[in-house]
Each structure stands twice: as structure tokens, then as C-alpha cells.
>>> print(open('protein.tsv').read())   # TSV, C-alpha atoms
chain	number	residue	atom	x	y	z
A	1	MET	CA	125.72	125.45	83.58
A	2	GLU	CA	128.25	122.61	83.42
A	3	PRO	CA	129.15	121.33	79.98
A	4	ALA	CA	127.65	117.90	79.41
A	5	PRO	CA	130.30	115.41	80.51
A	6	ARG	CA	130.78	112.10	78.82
A	7	GLN	CA	128.83	109.38	80.53
A	8	ASP	CA	131.89	107.34	81.46
A	9	LEU	CA	133.52	110.35	83.10
A	10	LEU	CA	130.38	110.92	85.11
A	11	VAL	CA	130.35	107.31	86.22
A	12	THR	CA	134.02	107.35	87.14
A	13	ALA	CA	133.62	110.50	89.17
A	14	HIS	CA	130.46	109.65	91.06
A	15	TYR	CA	129.79	105.90	90.98
A	16	GLY	CA	131.64	105.00	94.17
A	17	ARG	CA	130.27	107.92	96.10
A	18	LEU	CA	126.67	107.21	95.08
A	19	GLN	CA	127.04	103.51	95.72
A	20	ARG	CA	128.29	104.19	99.25
A	21	LEU	CA	125.49	106.67	99.88
A	22	CYS	CA	122.78	104.32	98.59
A	23	ARG	CA	124.16	101.39	100.58
A	24	LEU	CA	124.12	103.53	103.67
A	25	LEU	CA	120.55	104.68	103.10
A	26	LEU	CA	119.13	101.33	102.03
A	27	GLY	CA	121.24	98.83	103.96
A	28	ASP	CA	121.03	96.43	101.02
A	29	PRO	CA	123.99	96.33	98.61
A	30	GLN	CA	121.99	94.81	95.76
A	31	GLU	CA	119.19	97.34	95.99
A	32	ALA	CA	121.76	100.11	96.28
A	33	ASP	CA	123.49	98.97	93.08
A	34	ASP	CA	120.14	98.91	91.29
A	35	VAL	CA	119.42	102.46	92.41
A	36	VAL	CA	122.84	103.68	91.28
A	37	GLN	CA	122.34	102.13	87.86
A	38	ASP	CA	118.94	103.79	87.61
A	39	VAL	CA	120.55	107.11	88.53
A	40	PHE	CA	123.08	106.87	85.71
A	41	LEU	CA	120.38	105.78	83.31
A	42	LYS	CA	118.40	108.90	84.18
A	43	ALA	CA	121.55	110.98	83.82
A	44	HIS	CA	122.05	109.54	80.35
A	45	GLN	CA	118.45	110.27	79.41
A	46	ALA	CA	118.71	113.82	80.76
A	47	GLU	CA	121.89	114.36	78.78
A	48	ARG	CA	120.31	113.00	75.62
A	49	LEU	CA	117.28	115.24	76.03
A	50	GLY	CA	119.54	118.23	76.57
A	51	GLN	CA	118.36	118.74	80.17
A	52	VAL	CA	121.84	119.21	81.57
A	53	PRO	CA	121.79	120.21	85.24
A	54	ALA	CA	123.80	123.10	86.58
A	55	ASN	CA	125.64	120.83	88.97
A	56	TRP	CA	125.92	117.17	88.08
A	57	GLY	CA	127.09	116.14	91.53
A	58	ALA	CA	124.11	117.69	93.32
A	59	TRP	CA	121.72	116.42	90.65
A	60	LEU	CA	123.02	112.86	90.93
A	61	THR	CA	122.83	112.99	94.73
A	62	ARG	CA	119.25	114.23	94.63
A	63	VAL	CA	118.18	111.56	92.14
A	64	ALA	CA	119.95	108.88	94.18
A	65	VAL	CA	118.29	109.96	97.44
A	66	ASN	CA	114.89	110.02	95.74
A	67	GLY	CA	115.57	106.60	94.27
A	68	CYS	CA	116.40	105.25	97.72
A	69	ARG	CA	113.19	106.74	99.10
A	70	ASP	CA	111.17	105.06	96.35
A	71	ARG	CA	112.85	101.74	97.09
A	72	ARG	CA	112.16	102.08	100.79
A	73	ARG	CA	108.52	102.87	100.16
A	74	ALA	CA	108.20	99.91	97.81
A	75	GLY	CA	109.93	97.62	100.26
A	76	GLY	CA	107.69	98.38	103.23
A	77	TRP	CA	106.53	94.80	103.59
A	78	MET	CA	110.08	93.49	103.53
A	79	ARG	CA	111.09	95.93	106.25
A	80	PHE	CA	108.08	94.84	108.31
A	81	ARG	CA	109.22	91.23	107.98
A	82	LEU	CA	112.74	92.08	108.99
A	83	ARG	CA	111.69	94.28	111.89
A	84	GLY	CA	111.90	91.35	114.24
A	85	ALA	CA	115.28	90.38	112.93
A	86	HIS	CA	118.34	91.05	114.95
A	87	LEU	CA	121.92	91.46	113.98
A	88	ASP	CA	123.55	88.11	113.55
A	89	GLU	CA	126.87	87.12	114.91
A	90	VAL	CA	128.46	87.75	111.54
A	91	PRO	CA	132.05	88.82	111.88
A	92	LEU	CA	132.78	92.13	110.24
A	93	VAL	CA	134.59	91.76	106.97
A	94	ALA	CA	137.91	93.50	107.32
A	95	LEU	CA	140.45	92.01	104.99
A	96	THR	CA	143.26	94.32	105.92
A	97	PRO	CA	142.11	96.48	108.81
A	98	ALA	CA	143.93	99.71	109.37
A	99	PRO	CA	145.68	100.04	112.74
A	100	SER	CA	143.17	102.69	113.79
A	101	ASP	CA	140.32	100.36	112.92
A	102	VAL	CA	141.73	97.58	115.03
A	103	ALA	CA	141.35	99.80	118.06
A	104	ILE	CA	137.60	100.07	117.47
A	105	SER	CA	136.02	97.02	118.93
A	106	GLU	CA	133.60	94.93	116.95
A	107	ASP	CA	130.96	95.64	119.53
A	108	THR	CA	131.37	99.39	119.08
A	109	ARG	CA	130.96	99.04	115.33
A	110	ARG	CA	127.85	96.99	115.74
A	111	ARG	CA	126.41	99.52	118.15
A	112	ILE	CA	127.19	102.39	115.80
A	113	TRP	CA	125.42	100.66	112.93
A	114	ILE	CA	122.41	99.83	115.07
A	115	ALA	CA	122.26	103.40	116.39
A	116	PHE	CA	122.39	104.75	112.85
A	117	ARG	CA	119.69	102.38	111.62
A	118	THR	CA	117.36	103.37	114.45
A	119	LEU	CA	117.45	107.02	113.37
A	120	PRO	CA	114.45	108.30	111.41
A	121	ARG	CA	115.04	108.14	107.66
A	122	ARG	CA	115.35	111.88	107.23
A	123	GLN	CA	117.99	112.10	109.94
A	124	GLN	CA	119.89	109.24	108.32
A	125	GLU	CA	119.88	111.09	105.01
A	126	VAL	CA	121.02	114.36	106.53
A	127	PHE	CA	123.76	112.74	108.60
A	128	ALA	CA	125.00	110.69	105.66
A	129	LEU	CA	125.17	113.64	103.30
A	130	ARG	CA	126.55	116.10	105.82
A	131	HIS	CA	129.13	113.93	107.57
A	132	ILE	CA	129.91	111.02	105.29
A	133	GLU	CA	129.57	112.81	101.97
A	134	GLU	CA	130.94	115.96	103.63
A	135	GLN	CA	128.54	118.20	101.76
A	136	SER	CA	127.69	121.69	102.91
A	137	THR	CA	124.42	122.44	104.64
A	138	LEU	CA	123.20	124.28	101.54
A	139	ALA	CA	124.08	121.36	99.28
A	140	VAL	CA	122.30	118.92	101.59
A	141	ALA	CA	119.26	121.20	101.67
A	142	ALA	CA	119.23	121.34	97.89
A	143	ALA	CA	119.65	117.58	97.55
A	144	LEU	CA	116.87	116.76	100.00
A	145	GLY	CA	114.52	119.60	99.12
A	146	LEU	CA	114.67	121.06	102.62
A	147	SER	CA	115.45	124.47	104.03
A	148	PRO	CA	118.95	124.93	105.52
A	149	GLY	CA	117.40	125.45	108.95
A	150	SER	CA	115.54	122.17	108.68
A	151	VAL	CA	118.75	120.40	107.69
A	152	LYS	CA	120.49	121.80	110.78
A	153	ARG	CA	117.68	120.70	113.07
A	154	HIS	CA	117.67	117.18	111.62
A	155	LEU	CA	121.45	117.04	111.97
A	156	PHE	CA	121.27	118.21	115.59
A	157	ARG	CA	118.70	115.53	116.44
A	158	ALA	CA	120.74	112.89	114.66
A	159	ILE	CA	123.94	113.83	116.51
A	160	ARG	CA	122.16	113.90	119.85
A	161	ALA	CA	120.45	110.53	119.24
A	162	LEU	CA	123.66	108.86	118.07
A	163	ARG	CA	125.69	110.14	121.01
A	164	LEU	CA	122.93	109.23	123.44
A	165	ARG	CA	122.70	105.66	122.18
A	166	LEU	CA	126.43	105.20	122.06
A	167	GLY	CA	126.74	106.82	125.47
A	168	ASP	CA	124.29	104.27	126.85
A	169	ALA	CA	126.43	101.56	125.36
A	170	ARG	CA	129.61	102.82	126.94
B	1	MET	CA	128.29	134.08	128.59
B	2	THR	CA	130.37	132.86	131.55
B	3	ARG	CA	128.91	129.44	132.31
B	4	CYS	CA	130.32	126.48	130.44
B	5	LEU	CA	128.26	125.03	127.62
B	6	SER	CA	126.12	121.97	128.10
B	7	ASP	CA	126.44	118.90	125.89
B	8	ASP	CA	123.24	120.02	124.21
B	9	ALA	CA	124.79	123.39	123.37
B	10	LEU	CA	127.96	121.75	122.06
B	11	GLU	CA	125.89	119.51	119.82
B	12	ARG	CA	124.06	122.62	118.59
B	13	VAL	CA	127.46	124.09	117.74
B	14	GLU	CA	128.24	120.98	115.71
B	15	ALA	CA	124.92	121.30	113.87
B	16	GLU	CA	125.50	125.03	113.21
B	17	LEU	CA	122.55	125.93	115.41
B	18	ALA	CA	124.46	127.60	118.25
B	19	SER	CA	123.96	131.25	119.07
B	20	VAL	CA	126.67	133.87	118.68
B	21	ALA	CA	127.16	133.96	122.47
B	22	GLU	CA	127.64	130.19	122.64
B	23	ARG	CA	130.17	130.23	119.82
B	24	ALA	CA	131.99	133.11	121.47
B	25	HIS	CA	132.17	131.23	124.77
B	26	LEU	CA	133.48	128.15	123.02
B	27	ALA	CA	136.21	130.17	121.37
B	28	GLY	CA	137.44	131.44	124.73
B	29	CYS	CA	136.88	128.47	127.06
B	30	ALA	CA	139.50	125.72	127.09
B	31	ALA	CA	137.27	123.28	128.98
B	32	CYS	CA	134.39	123.68	126.54
B	33	ALA	CA	136.80	123.47	123.60
B	34	ALA	CA	138.14	120.17	124.97
B	35	ARG	CA	134.61	118.77	125.33
B	36	HIS	CA	133.79	119.99	121.85
B	37	ARG	CA	136.87	118.18	120.50
B	38	GLN	CA	135.68	115.05	122.27
B	39	ILE	CA	132.28	115.28	120.59
B	40	ARG	CA	133.96	115.81	117.24
B	41	GLY	CA	136.09	112.76	117.90
B	42	GLU	CA	133.01	110.68	118.63
B	43	LEU	CA	131.36	111.91	115.44
B	44	ALA	CA	134.51	111.13	113.48
B	45	LEU	CA	134.47	107.62	114.90
B	46	ILE	CA	130.82	107.17	113.92
B	47	THR	CA	131.46	108.59	110.46
B	48	GLY	CA	134.51	106.37	109.97
B	49	VAL	CA	132.61	103.23	110.94
B	50	LEU	CA	129.65	104.06	108.71
B	51	ARG	CA	131.89	104.95	105.79
B	52	ASP	CA	134.55	102.29	106.00
B	53	THR	CA	133.04	99.19	107.52
B	54	PRO	CA	130.34	96.99	106.00
B	55	GLU	CA	127.08	96.78	107.83
B	56	PRO	CA	126.64	93.56	109.79
B	57	GLY	CA	124.14	91.32	108.02
B	58	THR	CA	120.59	90.90	109.22
B	59	ARG	CA	118.47	87.85	108.81
B	60	PRO	CA	115.63	86.38	110.85
B	61	ALA	CA	117.15	84.25	113.55
B	62	PRO	CA	115.81	80.67	113.59
B	63	ALA	CA	116.13	80.49	117.37
B	64	ARG	CA	113.58	83.25	117.60
B	65	ARG	CA	111.05	81.28	115.55
B	66	VAL	CA	111.62	78.18	117.64
B	67	ARG	CA	110.91	80.19	120.79
B	68	TRP	CA	107.49	81.06	119.43
B	69	MET	CA	106.51	77.47	118.68
B	70	PRO	CA	105.44	76.35	122.19
B	71	ALA	CA	103.43	79.51	122.68
B	72	THR	CA	101.65	78.96	119.37
B	73	VAL	CA	100.88	75.34	120.14
B	74	GLY	CA	99.62	76.28	123.61
B	75	LEU	CA	97.39	78.97	122.18
B	76	ALA	CA	95.93	76.56	119.66
B	77	ALA	CA	95.19	74.03	122.42
B	78	VAL	CA	93.47	76.66	124.54
B	79	ALA	CA	91.40	77.76	121.54
B	80	ALA	CA	90.33	74.17	120.84
B	81	ALA	CA	89.37	73.62	124.50
B	82	LEU	CA	87.35	76.81	124.47
B	83	LEU	CA	85.46	75.70	121.37
B	84	ILE	CA	84.62	72.35	122.96
B	85	TRP	CA	83.43	74.03	126.14
B	86	VAL	CA	81.20	76.38	124.15
B	87	GLU	CA	79.73	73.43	122.28
B	88	VAL	CA	79.09	71.36	125.39
B	89	ALA	CA	78.14	73.89	128.03
B	90	VAL	CA	76.71	76.85	126.23
B	91	TRP	CA	75.34	75.68	122.91
B	92	ARG	CA	73.42	72.76	124.39
B	93	ALA	CA	71.98	74.92	127.15
B	94	VAL	CA	70.42	77.31	124.68
B	95	THR	CA	69.25	74.70	122.16
B	96	PRO	CA	65.55	73.83	122.73
B	97	VAL	CA	65.04	70.13	123.55
B	98	PRO	CA	61.63	68.55	122.87
B	99	PRO	CA	59.91	68.00	126.26
B	100	THR	CA	59.50	64.39	127.33
B	101	MET	CA	55.97	63.23	127.80
B	102	GLN	CA	54.51	62.25	131.09
B	103	ALA	CA	53.13	58.70	131.49
B	104	GLN	CA	49.58	59.96	131.87
B	105	GLU	CA	49.81	61.93	128.68
B	106	VAL	CA	51.09	58.88	126.81
B	107	ALA	CA	48.27	56.83	128.22
B	108	ALA	CA	45.70	59.39	127.21
B	109	ILE	CA	46.99	59.58	123.68
B	110	LEU	CA	47.13	55.83	123.32
B	111	ALA	CA	43.61	55.58	124.69
B	112	ASP	CA	42.41	58.08	122.16
B	113	VAL	CA	44.07	56.16	119.35
B	114	SER	CA	42.65	52.89	120.60
B	115	ALA	CA	39.17	54.32	120.89
B	116	ALA	CA	39.32	55.60	117.41
B	117	LEU	CA	40.54	52.36	115.84
B	118	PHE	CA	39.10	49.47	117.82
B	119	SER	CA	35.88	48.64	119.55
B	120	VAL	CA	35.49	46.68	122.79
B	121	SER	CA	33.11	44.07	121.37
B	122	GLY	CA	35.68	42.88	118.89
B	123	ASP	CA	33.48	43.59	115.89
B	124	PRO	CA	35.44	45.21	113.16
B	125	PRO	CA	34.15	48.75	112.97
B	126	ALA	CA	34.64	48.82	109.22
B	127	THR	CA	31.70	46.42	108.66
B	128	THR	CA	29.17	48.81	110.11
B	129	THR	CA	28.45	52.07	108.57
B	130	PRO	CA	28.76	55.07	110.86
B	131	ALA	CA	25.12	55.93	110.35
B	132	ALA	CA	24.01	52.49	111.58
B	133	ILE	CA	25.70	52.80	114.96
B	134	ALA	CA	23.69	54.50	117.63
B	135	PRO	CA	25.48	57.43	119.27
B	136	ALA	CA	24.81	56.07	122.78
B	137	VAL	CA	26.52	52.77	121.96
B	138	ILE	CA	29.54	54.55	120.57
B	139	ALA	CA	29.85	56.62	123.72
B	140	GLU	CA	29.54	53.58	125.96
B	141	ASP	CA	32.14	51.65	123.94
B	142	ALA	CA	34.50	54.52	124.04
B	143	ALA	CA	34.20	54.89	127.81
B	144	LEU	CA	34.80	51.21	128.40
B	145	SER	CA	37.69	51.12	125.99
B	146	LEU	CA	39.30	54.10	127.67
B	147	GLU	CA	38.93	52.56	131.11
B	148	VAL	CA	40.46	49.26	130.06
B	149	MET	CA	43.31	50.80	128.17
B	150	ALA	CA	44.14	53.19	130.97
B	151	ARG	CA	44.20	50.37	133.48
B	152	GLU	CA	46.45	48.26	131.28
B	153	LEU	CA	48.83	51.07	130.69
B	154	ASP	CA	48.90	51.99	134.36
B	155	GLN	CA	49.84	48.46	135.24
B	156	ALA	CA	52.48	48.37	132.57
B	157	LEU	CA	54.04	51.61	133.73
B	158	THR	CA	53.85	51.12	137.48
B	159	GLY	CA	54.61	47.39	137.40
B	160	GLY	CA	51.31	46.49	139.05
B	161	ALA	CA	51.98	48.39	142.25
B	162	PRO	CA	48.99	50.30	143.68
>>> encode(input="protein.tsv", output="C-alpha cells")
Amino acid sequence: MEPAPRQDLLVTAHYGRLQRLCRLLLGDPQEADDVVQDVFLKAHQAERLGQVPANWGAWLTRVAVNGCRDRRRAGGWMRFRLRGAHLDEVPLVALTPAPSDVAISEDTRRRIWIAFRTLPRRQQEVFALRHIEEQSTLAVAAALGLSPGSVKRHLFRAIRALRLRLGDAR
Amino acid sequence: MTRCLSDDALERVEAELASVAERAHLAGCAACAARHRQIRGELALITGVLRDTPEPGTRPAPARRVRWMPATVGLAAVAAALLIWVEVAVWRAVTPVPPTMQAQEVAAILADVSAALFSVSGDPPATTTPAAIAPAVIAEDAALSLEVMARELDQALTGGAP
């Protein structure tokens, strides 16, 4: 069991990572920030009650993913309203784009985002944790409450769907 | 395994679902290894975009709403026309209308009323008690009154034509 870290150390170590993950899963920066704050509030409560998890990183990820799921469930009506919405012609914010980023066209970026958003929620979660958070299959399984085999199948479907949609675009 | 791996198999490799034979083939086949590198490159591109670039904003496009307006107005007009048609053509057809009376029926009714109220002789019937009037006289008066009234009405309705 990890020794209970100070709250500010926990925030410093995990805030950015959780914020990125929640933004990816929710697609709404404000909602994502709310979820991350809730996560650290729960971490503080757990620490105060002496319920220190064995692995803070995995625990925080799990709580964050569950928080995002709750938000998505609660925001069903909003999603229904936005279903008919399409991506606007908003230029991508890139203050100082890296040379490698310049090579990726704006259209490709838009298509990647759309392809990701059209994945089922579970596949989005698995892909985000496995590829963007670079967690192991076992860690993803633990965070999402799935078996490792199920994680692999979701990842396979996600990869195939993403490549298929981007292949159609090419 | 001698045949090269399909895209499906290479994606299974990436998801850690490939069989031992598929992984062994990939380790020894330069062509499959090159295709596998390509898939990894595509996934790295996707990962990089999702991780490092903000998601393009979404909001309901006003042009889309405007496109729906004519259709909505047209639908409302069709609905209103349908309601009017139902009112005019269908509702009135099923609503019972009181039958109009024939001229003869009107004449008969008026004759009955006249016979009951007035006598032919001009004497006010109220001055004589019912018991004092002989039944034969009443019948004769009634017959005469009916005849006269019917003739008058017939002339009024037909304009005097035979």
C-alpha cells in the first residue's frame, strides 16, 4: 500500500493527466474540469477516512472514468440536442505548432476527432487509456472494471474502426 | 504460417489478440513488418492528434435551422388545409340535417292548426261551450275549413297554376 501522499503532491502528479483524459472522454472542457475537481475531492475524503488505495494513479483514473460516465448519463438530453450539430469551421488553436504538426492537415485532424467521437463510449475509454495514457492492458482492465480479454477486444474494434474511417477519408 | 498477414491480423497484433503463429510470421516477414509499422504510424498520428490538439468546437449551425423553416411552414399549411377539408367534406356529410318539409305536409299541418283555432262561420269558438256544439256541425266546419285552407295554400305555393 502506498503511503498517503500530500494532497498537493497528488494534484501536481495527476491533475494534467486526468484533465486530458476527462476532456477526451467528455468533449467538454468545463465538465471535464468539474469531474477532475470531484476526483480530487474524493481522494481527499478517502485520505481523511484512512481508505488509502494501493495505487493512487489507478484509483484516480478509475474514479475519473466513473465520473465521466456519470456526467455522460446525466447529460443525455444535451447530447441528444447536439446530435444534429456538426463541426463548425473553427480553426484549430495552435499557438506554436510543432513542425511535425504542421504536416498534419487541418482536415485530417478534424477527421480523426470525428472518427474518435463516433466510437462507442467503451471503445473511446479503452483507446484513450491504452494509447493516450499509455497504460498497460491490465491497468486499463482494472480502471474500467473489465477483463483483460475484453479490453483487448474493445481496443481491436476501436483500432479497426478508426483506421477504416480514416482510410475512407484518404 | 507462410501467407502474409491481413490488415485484420495486423490490427489483432496491435491489440495483443494475435495468435503465436501470426506473431511468429510477423517477426520473420519484412513485408508484414513494414505494413505493421505503417499501422503503428497511423495509430501514432491518431494518438498525437487526440493528445495534443484541441477538439474542434461543436454548436448547432444556424443554417441548418433555417433549412428546416420552409418545410415546417409547408407542413403546417398542409395540416391546416386537411383540417378544413375534414370540416367541410367529411364532418358535414355525417352530421344529420333536419329534413325539409314538403309543401303538402306544410299545408296539412297549417290546415290542422286552422281547424283547431278558427271556425268557418266567423263565430268565435270561445263563446260556445264545447258541449253546446253538435258533433256533426263540428265535422262539417272542419271539412270546409280544410278544403278552403288547402286551396289557398295550393294557390300560394303553385302561383295559381293548375
>>> closest_atom_pairs(input="protein.tsv", of="chain B", to="chain A", cutoff="9 Å", atoms="all atoms listed in the file", output="Markdown table")
| residue | atom | partner | partner_atom | distance |
| --- | --- | --- | --- | --- |
| B:Asp7 | CA | A:Arg160 | CA | 8.9 |
| B:Asp8 | CA | A:Arg160 | CA | 7.6 |
| B:Glu11 | CA | A:Phe156 | CA | 6.4 |
| B:Arg12 | CA | A:Phe156 | CA | 6.0 |
| B:Val13 | CA | A:Phe156 | CA | 8.8 |
| B:Glu14 | CA | A:Phe156 | CA | 7.5 |
| B:Ala15 | CA | A:Phe156 | CA | 5.1 |
| B:Glu16 | CA | A:Lys152 | CA | 6.4 |
| B:Leu17 | CA | A:Lys152 | CA | 6.5 |
| B:Ile39 | CA | A:Arg163 | CA | 8.4 |
| B:Glu42 | CA | A:Arg163 | CA | 7.7 |
| B:Leu43 | CA | A:Ile159 | CA | 7.7 |
| B:Ala44 | CA | A:His131 | CA | 8.5 |
| B:Leu45 | CA | A:Ile104 | CA | 8.6 |
| B:Ile46 | CA | A:Ile112 | CA | 6.3 |
| B:Thr47 | CA | A:Ile132 | CA | 5.9 |
| B:Gly48 | CA | A:Ile132 | CA | 8.0 |
| B:Val49 | CA | A:Arg109 | CA | 6.3 |
| B:Leu50 | CA | A:Trp113 | CA | 6.9 |
| B:Arg51 | CA | A:Ile132 | CA | 6.4 |
| B:Thr53 | CA | A:Ala94 | CA | 7.5 |
| B:Pro54 | CA | A:Val93 | CA | 6.8 |
| B:Glu55 | CA | A:Trp113 | CA | 6.6 |
| B:Pro56 | CA | A:Leu92 | CA | 6.3 |
| B:Gly57 | CA | A:Leu87 | CA | 6.4 |
| B:Thr58 | CA | A:Leu87 | CA | 5.0 |
| B:Arg59 | CA | A:Ala85 | CA | 5.8 |
| B:Pro60 | CA | A:Ala85 | CA | 4.5 |
| B:Ala61 | CA | A:Ala85 | CA | 6.4 |
| B:Arg64 | CA | A:Ala85 | CA | 8.7 |
>>> closest_residue(input="protein.tsv", among="A:Leu144, A:Ala74, A:Val11, A:Leu25", to="Thr61 (chain A)", atoms="all atoms listed in the file")
A:Leu144
>>> atom_distance(input="protein.tsv", atom1="CA of Arg117 (chain A)", atom2="CA of Ala161 (chain A)")
11.2 Å
>>> residues_around(input="protein.tsv", residues="Gly67 (chain A)", least_positions_apart="6", cutoff="10 Å", atoms="all atoms listed in the file", output="PyMOL selection string")
chain A and resi 22+32+34-36+38-39+61+73
>>> axis_aligned_box(input="protein.tsv", around="region 123-131 of chain A", padding_each_side="3 Å", output="JSON")
{"center_x": 123.6, "center_y": 112.7, "center_z": 106.6, "size_x": 17.1, "size_y": 12.9, "size_z": 12.6}
>>> atom_distance(input="protein.tsv", atom1="CA of Arg17 (chain A)", atom2="CA of Leu60 (chain A)")
10.2 Å
>>> residues_around(input="protein.tsv", residues="Leu10 (chain B)", least_positions_apart="5", cutoff="9 Å", atoms="only C-alpha atoms", output="NGL selection string")
:B and (5 or 15 or 18 or 22 or 26 or 32 or 35-36 or 39)
>>> atom_distance(input="protein.tsv", atom1="CA of Ala143 (chain A)", atom2="CA of Ala64 (chain A)")
9.3 Å
